[in-house]
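Trainee: Data: start-v4.txt, compact mmCIF, C-alpha atoms.
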# COMPACT_ATOMS: atom_id res chain seq x y z
CA MET A 1 114.11 110.38 84.75
CA GLU A 2 115.91 107.51 83.02
CA LYS A 3 116.64 105.95 86.39
CA MET A 4 112.93 106.11 87.21
CA LYS A 5 112.15 104.26 83.99
CA GLU A 6 114.56 101.55 85.03
CA GLU A 7 112.69 101.17 88.32
CA LEU A 8 109.19 101.15 86.83
CA ASN A 9 108.63 101.50 83.10
CA ILE A 10 105.19 101.73 81.48
CA TYR A 11 105.36 100.40 77.93
CA TYR A 12 101.84 100.90 76.69
CA CYS A 13 98.19 101.17 77.66
CA GLY A 14 95.04 100.41 75.75
CA ARG A 15 91.32 99.82 75.83
CA GLU A 16 89.31 97.39 73.73
CA GLN A 17 85.77 96.21 73.27
CA CYS A 18 86.33 92.64 72.16
CA ALA A 19 84.30 90.83 69.53
CA PRO A 20 82.50 87.64 70.62
CA ASP A 21 84.97 84.80 71.24
CA HIS A 22 87.97 87.08 70.54
CA PHE A 23 91.07 85.43 72.00
CA TRP A 24 94.80 85.77 72.47
CA GLY A 25 97.31 82.95 72.86
CA PRO A 26 98.51 80.65 74.03
CA ALA A 27 101.52 82.99 73.98
CA ILE A 28 103.98 84.84 76.21
CA ARG A 29 104.74 88.49 76.86
CA PRO A 30 108.16 90.04 77.57
CA HIS A 31 106.86 92.07 80.53
CA TYR A 32 103.97 92.33 82.98
CA LEU A 33 100.53 92.92 81.47
CA LEU A 34 97.57 93.85 83.67
CA HIS A 35 94.00 93.75 82.34
CA VAL A 36 91.04 95.22 84.22
CA ILE A 37 87.61 94.27 82.91
CA LEU A 38 85.24 97.19 82.43
CA LYS A 39 82.17 95.17 81.48
CA GLY A 40 81.21 91.82 80.01
CA THR A 41 82.81 88.46 80.74
CA GLY A 42 85.51 86.10 79.54
CA LYS A 43 88.04 83.53 80.67
CA PHE A 44 91.72 83.66 81.48
CA SER A 45 93.99 80.60 81.55
CA CYS A 46 97.51 80.35 82.98
CA ARG A 47 99.52 77.86 85.05
CA ARG A 48 97.03 75.10 84.22
CA GLN A 49 94.16 77.04 85.76
CA THR A 50 91.19 78.81 84.19
CA TRP A 51 89.15 81.65 85.69
CA GLN A 52 85.79 83.04 84.58
CA LEU A 53 85.98 86.79 85.08
CA GLY A 54 83.64 89.74 84.91
CA ALA A 55 83.35 93.48 85.37
CA GLY A 56 85.68 94.85 88.02
CA ASP A 57 87.94 91.77 87.99
CA ALA A 58 91.54 91.90 86.83
CA PHE A 59 94.15 89.42 85.63
CA LEU A 60 97.92 89.69 85.56
CA ILE A 61 100.26 88.15 83.00
CA HIS A 62 103.85 87.62 84.14
CA PRO A 63 106.87 87.98 81.81
CA GLN A 64 107.71 84.88 79.77
CA GLU A 65 104.71 82.95 81.09
CA SER A 66 102.36 81.21 78.67
CA HIS A 67 98.75 82.33 78.92
CA TYR A 68 95.44 82.43 77.05
CA TYR A 69 92.35 84.60 77.36
CA GLN A 70 89.08 84.74 75.46
CA ALA A 71 85.98 86.93 75.42
CA ASP A 72 82.59 85.39 76.09
CA HIS A 73 80.40 84.58 73.09
CA GLU A 74 77.21 86.14 74.45
CA GLU A 75 78.63 88.97 76.55
CA PRO A 76 82.17 89.72 75.32
CA TRP A 77 84.25 91.74 77.67
CA GLU A 78 85.64 95.22 77.32
CA TYR A 79 88.89 95.81 79.16
CA VAL A 80 91.65 98.30 79.69
CA TRP A 81 95.25 97.18 80.08
CA VAL A 82 98.75 98.35 80.91
CA GLY A 83 102.10 96.77 80.11
CA PHE A 84 104.92 97.51 82.55
CA ASP A 85 108.19 96.25 83.98
CA GLY A 86 111.24 97.42 85.92
CA ARG A 87 113.27 96.54 88.98
CA ALA A 88 110.53 97.78 91.32
CA ALA A 89 107.65 96.02 89.59
CA GLU A 90 107.84 92.75 91.51
CA SER A 91 108.18 94.37 94.93
CA LEU A 92 105.24 96.68 94.19
CA LEU A 93 103.04 93.78 93.11
CA GLU A 94 103.92 91.98 96.34
CA GLN A 95 102.05 94.73 98.18
CA THR A 96 98.82 94.06 96.28
CA ALA A 97 96.25 91.27 96.11
CA LEU A 98 98.27 89.97 93.13
CA LYS A 99 101.21 89.02 95.36
CA ASP A 100 100.44 85.30 95.22
CA ALA A 101 97.67 85.34 92.64
CA LEU A 102 97.14 85.97 88.95
CA VAL A 103 93.57 87.17 89.39
CA TYR A 104 92.02 89.98 91.42
CA ARG A 105 88.31 89.69 92.15
CA ARG A 106 86.07 92.68 92.76
CA SER A 107 85.02 93.06 96.38
CA PRO A 108 81.92 90.99 97.24
CA SER A 109 80.79 93.80 99.54
CA ASP A 110 81.02 96.30 96.67
CA PRO A 111 79.96 94.56 93.44
CA GLU A 112 80.50 97.67 91.36
CA ASN A 113 84.01 98.34 92.67
CA PRO A 114 84.64 101.24 90.28
CA ASP A 115 87.94 102.42 91.73
CA CYS A 116 90.23 99.86 90.10
CA ARG A 117 88.62 100.35 86.70
CA GLN A 118 88.61 104.13 86.88
CA ALA A 119 92.22 104.28 88.04
CA LEU A 120 93.41 102.32 85.02
CA LEU A 121 91.15 104.28 82.67
CA ASP A 122 92.76 107.48 83.95
CA LEU A 123 96.21 105.98 83.38
CA ASN A 124 95.25 105.00 79.84
CA GLU A 125 93.95 108.50 79.11
CA ALA A 126 97.17 110.07 80.38
CA PHE A 127 99.27 107.61 78.35
CA GLN A 128 97.38 108.36 75.14
CA GLY A 129 97.92 112.10 75.56
CA THR A 130 100.37 113.94 73.35
CA ASP A 131 102.46 115.21 76.27
CA ARG A 132 103.28 112.18 78.43
CA ASN A 133 104.59 112.96 81.87
CA VAL A 134 106.60 110.08 83.33
CA LEU A 135 105.91 111.19 86.89
CA GLU A 136 102.17 111.33 86.27
CA LEU A 137 102.11 107.94 84.55
CA THR A 138 104.08 106.34 87.37
CA ALA A 139 101.82 107.91 89.99
CA ARG A 140 98.70 106.68 88.20
CA LEU A 141 100.07 103.14 87.94
CA LEU A 142 100.80 103.17 91.67
CA LEU A 143 97.22 104.33 92.22
CA VAL A 144 96.00 101.32 90.23
CA PHE A 145 98.05 99.05 92.51
CA SER A 146 96.62 100.77 95.58
CA ARG A 147 93.09 99.89 94.42
CA MET A 148 93.97 96.21 94.70
CA PRO A 149 95.07 96.00 98.34
CA ALA A 150 96.76 92.89 99.67
CA VAL A 151 94.62 90.57 101.74
CA PRO A 152 96.05 90.68 105.29
CA ALA A 153 97.48 87.40 106.46
CA PRO A 154 96.11 86.00 109.73
CA SER A 155 98.09 87.68 112.51
CA GLY A 156 97.13 85.57 115.49
CA PHE A 157 95.67 88.66 117.16
CA SER A 158 92.04 89.31 117.85
CA ARG A 159 90.25 92.06 115.96
CA GLU A 160 90.49 94.40 118.96
CA GLU A 161 94.23 93.70 119.32
CA GLN A 162 94.78 94.48 115.66
CA TYR A 163 92.86 97.75 116.02
CA TYR A 164 94.95 98.65 119.06
CA ARG A 165 98.26 97.87 117.34
CA THR A 166 97.23 99.89 114.28
CA ALA A 167 96.25 102.86 116.45
CA VAL A 168 99.51 102.73 118.42
CA GLU A 169 101.53 102.55 115.21
CA TYR A 170 99.65 105.58 113.90
CA ILE A 171 100.40 107.52 117.09
CA ARG A 172 104.09 106.65 116.95
CA ASN A 173 104.34 107.82 113.36
CA ASN A 174 102.24 110.98 113.73
CA TYR A 175 102.63 112.23 117.31
CA SER A 176 104.57 115.30 116.13
CA TYR A 177 101.55 116.55 114.17
CA ASP A 178 98.30 118.07 115.41
CA VAL A 179 96.67 114.65 115.76
CA LYS A 180 93.08 114.43 116.97
CA ILE A 181 91.56 111.29 118.47
CA GLN A 182 89.08 111.32 115.60
CA ASP A 183 92.04 111.12 113.21
CA ILE A 184 93.27 107.96 114.93
CA ALA A 185 89.81 106.39 114.95
CA GLY A 186 89.32 107.26 111.29
CA PHE A 187 92.66 105.72 110.32
CA VAL A 188 91.82 102.50 112.17
CA GLY A 189 88.32 102.50 110.68
CA ILE A 190 86.28 102.53 113.88
CA ASP A 191 84.41 105.16 115.90
CA ARG A 192 85.85 107.08 118.85
CA THR A 193 83.78 105.24 121.45
CA TYR A 194 85.03 101.85 120.30
CA LEU A 195 88.61 103.15 120.16
CA TYR A 196 88.31 104.39 123.76
CA LYS A 197 87.05 100.99 124.89
CA ILE A 198 89.91 99.19 123.14
CA PHE A 199 92.58 101.42 124.73
CA MET A 200 91.11 101.09 128.19
CA GLN A 201 91.18 97.30 127.83
CA ALA A 202 94.65 97.07 126.29
CA ALA A 203 96.54 99.92 127.96
CA GLY A 204 94.42 101.01 130.89
CA VAL A 205 94.31 104.60 129.61
CA SER A 206 92.30 106.52 127.06
CA PRO A 207 93.68 107.18 123.55
CA LYS A 208 94.14 110.85 124.50
CA GLN A 209 96.15 109.96 127.59
CA TYR A 210 98.25 107.45 125.65
CA LEU A 211 99.04 110.11 123.03
CA LEU A 212 100.01 112.69 125.67
CA THR A 213 102.18 110.20 127.53
CA TYR A 214 103.93 109.17 124.32
CA ARG A 215 104.59 112.81 123.43
CA VAL A 216 106.06 113.49 126.86
CA ARG A 217 108.26 110.40 126.58
CA CYS A 218 109.58 111.57 123.21
CA ALA A 219 110.09 115.07 124.60
CA SER A 220 112.14 113.74 127.52
CA THR A 221 114.38 111.92 125.05
CA LEU A 222 114.96 115.14 123.11
CA LEU A 223 115.68 117.12 126.28
CA GLN A 224 118.27 114.58 127.36
CA THR A 225 120.34 115.36 124.26
CA GLN A 226 120.75 118.99 125.46
CA ARG A 227 120.60 120.10 121.83
CA TYR A 228 117.10 121.57 121.61
CA THR A 229 115.32 124.45 123.29
CA ILE A 230 112.09 123.99 125.20
CA THR A 231 110.13 125.54 122.33
CA GLU A 232 111.79 123.33 119.72
CA THR A 233 111.04 120.27 121.82
CA ALA A 234 107.42 121.31 122.32
CA TYR A 235 106.68 121.79 118.62
CA SER A 236 108.66 118.69 117.65
CA CYS A 237 106.49 116.54 119.90
CA GLY A 238 103.11 117.84 118.78
CA PHE A 239 102.40 120.50 121.41
CA ARG A 240 100.84 123.70 120.13
CA ASP A 241 102.90 126.01 122.34
CA ALA A 242 105.59 125.91 125.01
CA ALA A 243 103.18 126.80 127.83
CA ALA A 244 100.89 123.83 127.15
CA PHE A 245 103.95 121.61 126.83
CA CYS A 246 105.37 122.73 130.17
CA THR A 247 102.06 122.13 131.93
CA THR A 248 101.63 118.63 130.50
CA PHE A 249 105.28 117.72 131.06
CA ARG A 250 105.15 118.76 134.71
CA GLN A 251 101.96 116.75 135.26
CA HIS A 252 103.65 113.63 133.92
CA MET A 253 107.23 114.06 135.14
CA GLY A 254 106.80 116.04 138.37
CA MET A 255 109.09 118.82 137.15
CA THR A 256 109.23 121.40 134.39
CA PRO A 257 111.05 120.70 131.12
CA MET A 258 113.81 123.15 132.13
CA GLN A 259 114.27 121.44 135.51
CA TYR A 260 114.42 118.08 133.76
CA LYS A 261 116.95 119.39 131.24
CA LYS A 262 119.18 120.84 133.96
CA ARG A 263 118.98 117.67 136.03
CA THR A 264 119.94 115.59 133.01
CA ALA A 265 122.85 117.93 132.29
CA ARG A 266 124.15 117.51 135.84
CA TRP A 267 123.81 113.74 135.60
CA LEU A 268 125.73 113.72 132.30
CA GLN A 269 128.48 115.85 133.86
CA GLU A 270 128.72 113.50 136.83
CA GLU A 271 128.91 110.50 134.52
CA GLU A 272 131.66 112.11 132.47
CA SER A 273 133.56 113.09 135.61
CA SER A 274 133.26 109.55 136.95
CA ARG A 275 134.58 108.07 133.70
CA ALA A 276 137.45 110.58 133.68
CA ASN A 277 138.42 109.67 137.26
CA SER A 278 138.25 105.99 136.38
CA ARG A 279 140.58 106.48 133.41
CA SER A 280 143.06 108.52 135.44
CA SER A 281 143.27 105.89 138.20
CA GLN A 282 144.18 103.13 135.77
Mind converting the file's structure to structure tokens?

Mentor:
Amino acid sequence: MEKMKEELNIYYCGREQCAPDHFWGPAIRPHYLLHVILKGTGKFSCRRQTWQLGAGDAFLIHPQESHYYQADHEEPWEYVWVGFDGRAAESLLEQTALKDALVYRRSPSDPENPDCRQALLDLNEAFQGTDRNVLELTARLLLVFSRMPAVPAPSGFSREEQYYRTAVEYIRNNYSYDVKIQDIAGFVGIDRTYLYKIFMQAAGVSPKQYLLTYRVRCASTLLQTQRYTITETAYSCGFRDAAAFCTTFRQHMGMTPMQYKKRTARWLQEEESSRANSRSSQ
């Protein structure tokens, strides 16, 4: 548990309804301090810049960095905050919208954007409890970070290419599970019809066929090792039973899994015999 604190330590949390024109600074903090605005408005100044912020926005103060913030006179903000640090803090922030920024703006497409606020409110509630659980606090802080996703950098790929690459990556990471095409489409964020169109354009096969082919390819690799039974290979590659696996494998490879395994074993024996003969003739 102490090691976890070294990686990511939460020092304190709080919530405050500020009085009109209430301010802090200019001053520094010894650790990271994240504020999420619940309602109202105010301004935050750091690195010779000033931002006007409102409900759903957030601002991050870095350790040993001078800053200033002030509540609005007419509509003073209410915010919730968390102070944290640790060896993992910087790398975690790099995965959020705060990677290269001090301010996180609520999504224009979702003006309310309650998730970020609620996540930090839940963290604050858990922190104020009498029985603090380090694992729970850490998990809730990570959830706060997840509500401020990093803005993807331009990849040079078209939107369809990005969808295709995301789908393929999902298949490669999840082929051993009972994956449905709807699962892939849902992960990418598009409907099944659009996913089908993208795969036909990019790979010349449907998503279902791509998944089956990938599973067979992984199965053939396992069979080549000679370490796993047909049943183990089938379940390891996402097939529901050995019979379905054998049928699909034969359709793709022109032979049953057992025939493929035996042929590979003979080839390995021949290779070993050839190497042995080569060594003996030297």

Trainee: Closest to Arg250 in chain A among A:Asp21, A:Ser220, A:Asp85, A:Pro76, using only C-alpha atoms?

Mentor: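 Of A:Asp21, A:Ser220, A:Asp85, A:Pro76, the one nearest Arg250 in chain A, counting only C-alpha atoms, is A:Ser220.
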
Trainee: Counting all atoms listed in the file, what are the residues of range 106-218 of chain A within 12 Å of range 223-234 of chain A, and for each of them which pair of atoms is the nearest and at what distance in Å, to one decimal? Sort the table by chain and rising number, as CSV.

Mentor:
residue,atom,partner,partner_atom,distance
A:Tyr175,CA,A:Ala234,CA,11.4
A:Ser176,CA,A:Ala234,CA,9.1
A:Tyr177,CA,A:Ala234,CA,11.1
A:Asp178,CA,A:Ala234,CA,11.9
A:Leu212,CA,A:Ala234,CA,11.9
A:Arg215,CA,A:Ala234,CA,9.0
A:Val216,CA,A:Ala234,CA,9.1
A:Arg217,CA,A:Leu223,CA,10.0
A:Cys218,CA,A:Leu223,CA,8.8

Trainee: Mind giving me the straight-line distance from CA of Glu270 in chain A to CA of Gly254 in chain A in Å, one decimal?

Mentor: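 CA of Gly254 in chain A lies at a distance of 22.1 Å from CA of Glu270 in chain A.
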
Trainee: With distances taken over all atoms listed in the file, which residue among A:Gly204, A:Cys237, A:Cys13, A:Tyr196 lies nearest Asn174 in chain A?

Mentor: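 Distance minimum relative to Asn174 in chain A lands on A:Cys237.
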
Trainee: Using Å and a single decimal, report how far CA of Leu222 in chain A sits from CA of Arg263 in chain A.

Mentor: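 Between these atoms lies a distance of 13.8 Å.
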
Trainee: Which of these residues is nearest to Leu141 in chain A, using all atoms listed in the file: A:Ala167, A:Asn9, A:Asp72, A:Thr41?

Mentor: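 Selected residue with least distance to Leu141 in chain A: A:Asn9.
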
Trainee: What does the distance between CA of Leu142 in chain A and CA of Tyr12 in chain A come to in Å, to one decimal place?

Mentor: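 So the two atoms, CA of Leu142 in chain A and CA of Tyr12 in chain A, lie 15.2 Å apart.
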
Trainee: Just give me the residues with any atom within 9 Å of (107.4, 120.3, 131.7), file coordinates, counting all atoms listed in the file, written as a list of chain:residue names.

Mentor: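 Residues lying no farther than 9 Å from the given point: A:Val216, A:Ile230, A:Ala242, A:Ala243, A:Ala244, A:Phe245, A:Cys246, A:Thr247, A:Thr248, A:Phe249, A:Arg250, A:Gln251, A:His252, A:Met253, A:Gly254, A:Met255, A:Thr256, A:Pro257, A:Met258, A:Gln259, A:Tyr260.
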
Trainee: Give me range 92-105 of chain A from this structure - N, CA, C and O atoms, as an mmCIF file, in the first residue's frame.

Mentor:
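What ended up in result_22.cif:
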data_model
loop_
_atom_site.group_PDB
_atom_site.id
_atom_site.type_symbol
_atom_site.label_atom_id
_atom_site.label_comp_id
_atom_site.auth_asym_id
_atom_site.auth_seq_id
_atom_site.Cartn_x
_atom_site.Cartn_y
_atom_site.Cartn_z
ATOM 1 N N LEU A 92 0.179 9.805 -16.054
ATOM 2 C CA LEU A 92 -1.277 9.685 -16.124
ATOM 3 C C LEU A 92 -1.889 10.937 -16.748
ATOM 4 O O LEU A 92 -2.786 10.848 -17.590
ATOM 5 N N LEU A 93 -1.388 12.095 -16.359
ATOM 6 C CA LEU A 93 -1.907 13.342 -16.920
ATOM 7 C C LEU A 93 -1.627 13.435 -18.415
ATOM 8 O O LEU A 93 -2.395 14.053 -19.161
ATOM 9 N N GLU A 94 -0.548 12.819 -18.861
ATOM 10 C CA GLU A 94 -0.216 12.848 -20.284
ATOM 11 C C GLU A 94 -1.248 12.109 -21.128
ATOM 12 O O GLU A 94 -1.290 12.279 -22.345
ATOM 13 N N GLN A 95 -2.080 11.295 -20.484
ATOM 14 C CA GLN A 95 -3.106 10.554 -21.204
ATOM 15 C C GLN A 95 -4.455 11.277 -21.186
ATOM 16 O O GLN A 95 -5.463 10.717 -21.626
ATOM 17 N N THR A 96 -4.459 12.495 -20.673
ATOM 18 C CA THR A 96 -5.691 13.274 -20.598
ATOM 19 C C THR A 96 -5.586 14.525 -21.461
ATOM 20 O O THR A 96 -4.544 14.811 -22.055
ATOM 21 N N ALA A 97 -6.674 15.295 -21.487
ATOM 22 C CA ALA A 97 -6.679 16.556 -22.232
ATOM 23 C C ALA A 97 -5.758 17.588 -21.585
ATOM 24 O O ALA A 97 -5.489 18.633 -22.181
ATOM 25 N N LEU A 98 -5.262 17.296 -20.381
ATOM 26 C CA LEU A 98 -4.357 18.202 -19.680
ATOM 27 C C LEU A 98 -2.894 17.899 -19.972
ATOM 28 O O LEU A 98 -2.011 18.414 -19.299
ATOM 29 N N LYS A 99 -2.648 17.064 -20.960
ATOM 30 C CA LYS A 99 -1.269 16.710 -21.313
ATOM 31 C C LYS A 99 -0.445 17.947 -21.642
ATOM 32 O O LYS A 99 0.666 18.118 -21.140
ATOM 33 N N ASP A 100 -0.940 18.792 -22.505
ATOM 34 C CA ASP A 100 -0.226 19.993 -22.929
ATOM 35 C C ASP A 100 -1.008 21.248 -22.606
ATOM 36 O O ASP A 100 -0.827 22.283 -23.251
ATOM 37 N N ALA A 101 -1.902 21.155 -21.642
ATOM 38 C CA ALA A 101 -2.759 22.297 -21.324
ATOM 39 C C ALA A 101 -2.971 22.389 -19.816
ATOM 40 O O ALA A 101 -2.841 21.397 -19.091
ATOM 41 N N LEU A 102 -3.300 23.574 -19.368
ATOM 42 C CA LEU A 102 -3.607 23.790 -17.959
ATOM 43 C C LEU A 102 -5.103 23.832 -17.719
ATOM 44 O O LEU A 102 -5.553 23.805 -16.574
ATOM 45 N N VAL A 103 -5.864 23.894 -18.804
ATOM 46 C CA VAL A 103 -7.318 24.057 -18.704
ATOM 47 C C VAL A 103 -8.018 22.988 -19.530
ATOM 48 O O VAL A 103 -7.584 22.655 -20.635
ATOM 49 N N TYR A 104 -9.079 22.433 -18.972
ATOM 50 C CA TYR A 104 -9.937 21.494 -19.689
ATOM 51 C C TYR A 104 -11.302 22.144 -19.850
ATOM 52 O O TYR A 104 -11.917 22.586 -18.868
ATOM 53 N N ARG A 105 -11.780 22.238 -21.074
ATOM 54 C CA ARG A 105 -13.073 22.840 -21.347
ATOM 55 C C ARG A 105 -14.139 21.761 -21.485
ATOM 56 O O ARG A 105 -13.884 20.696 -22.061
#
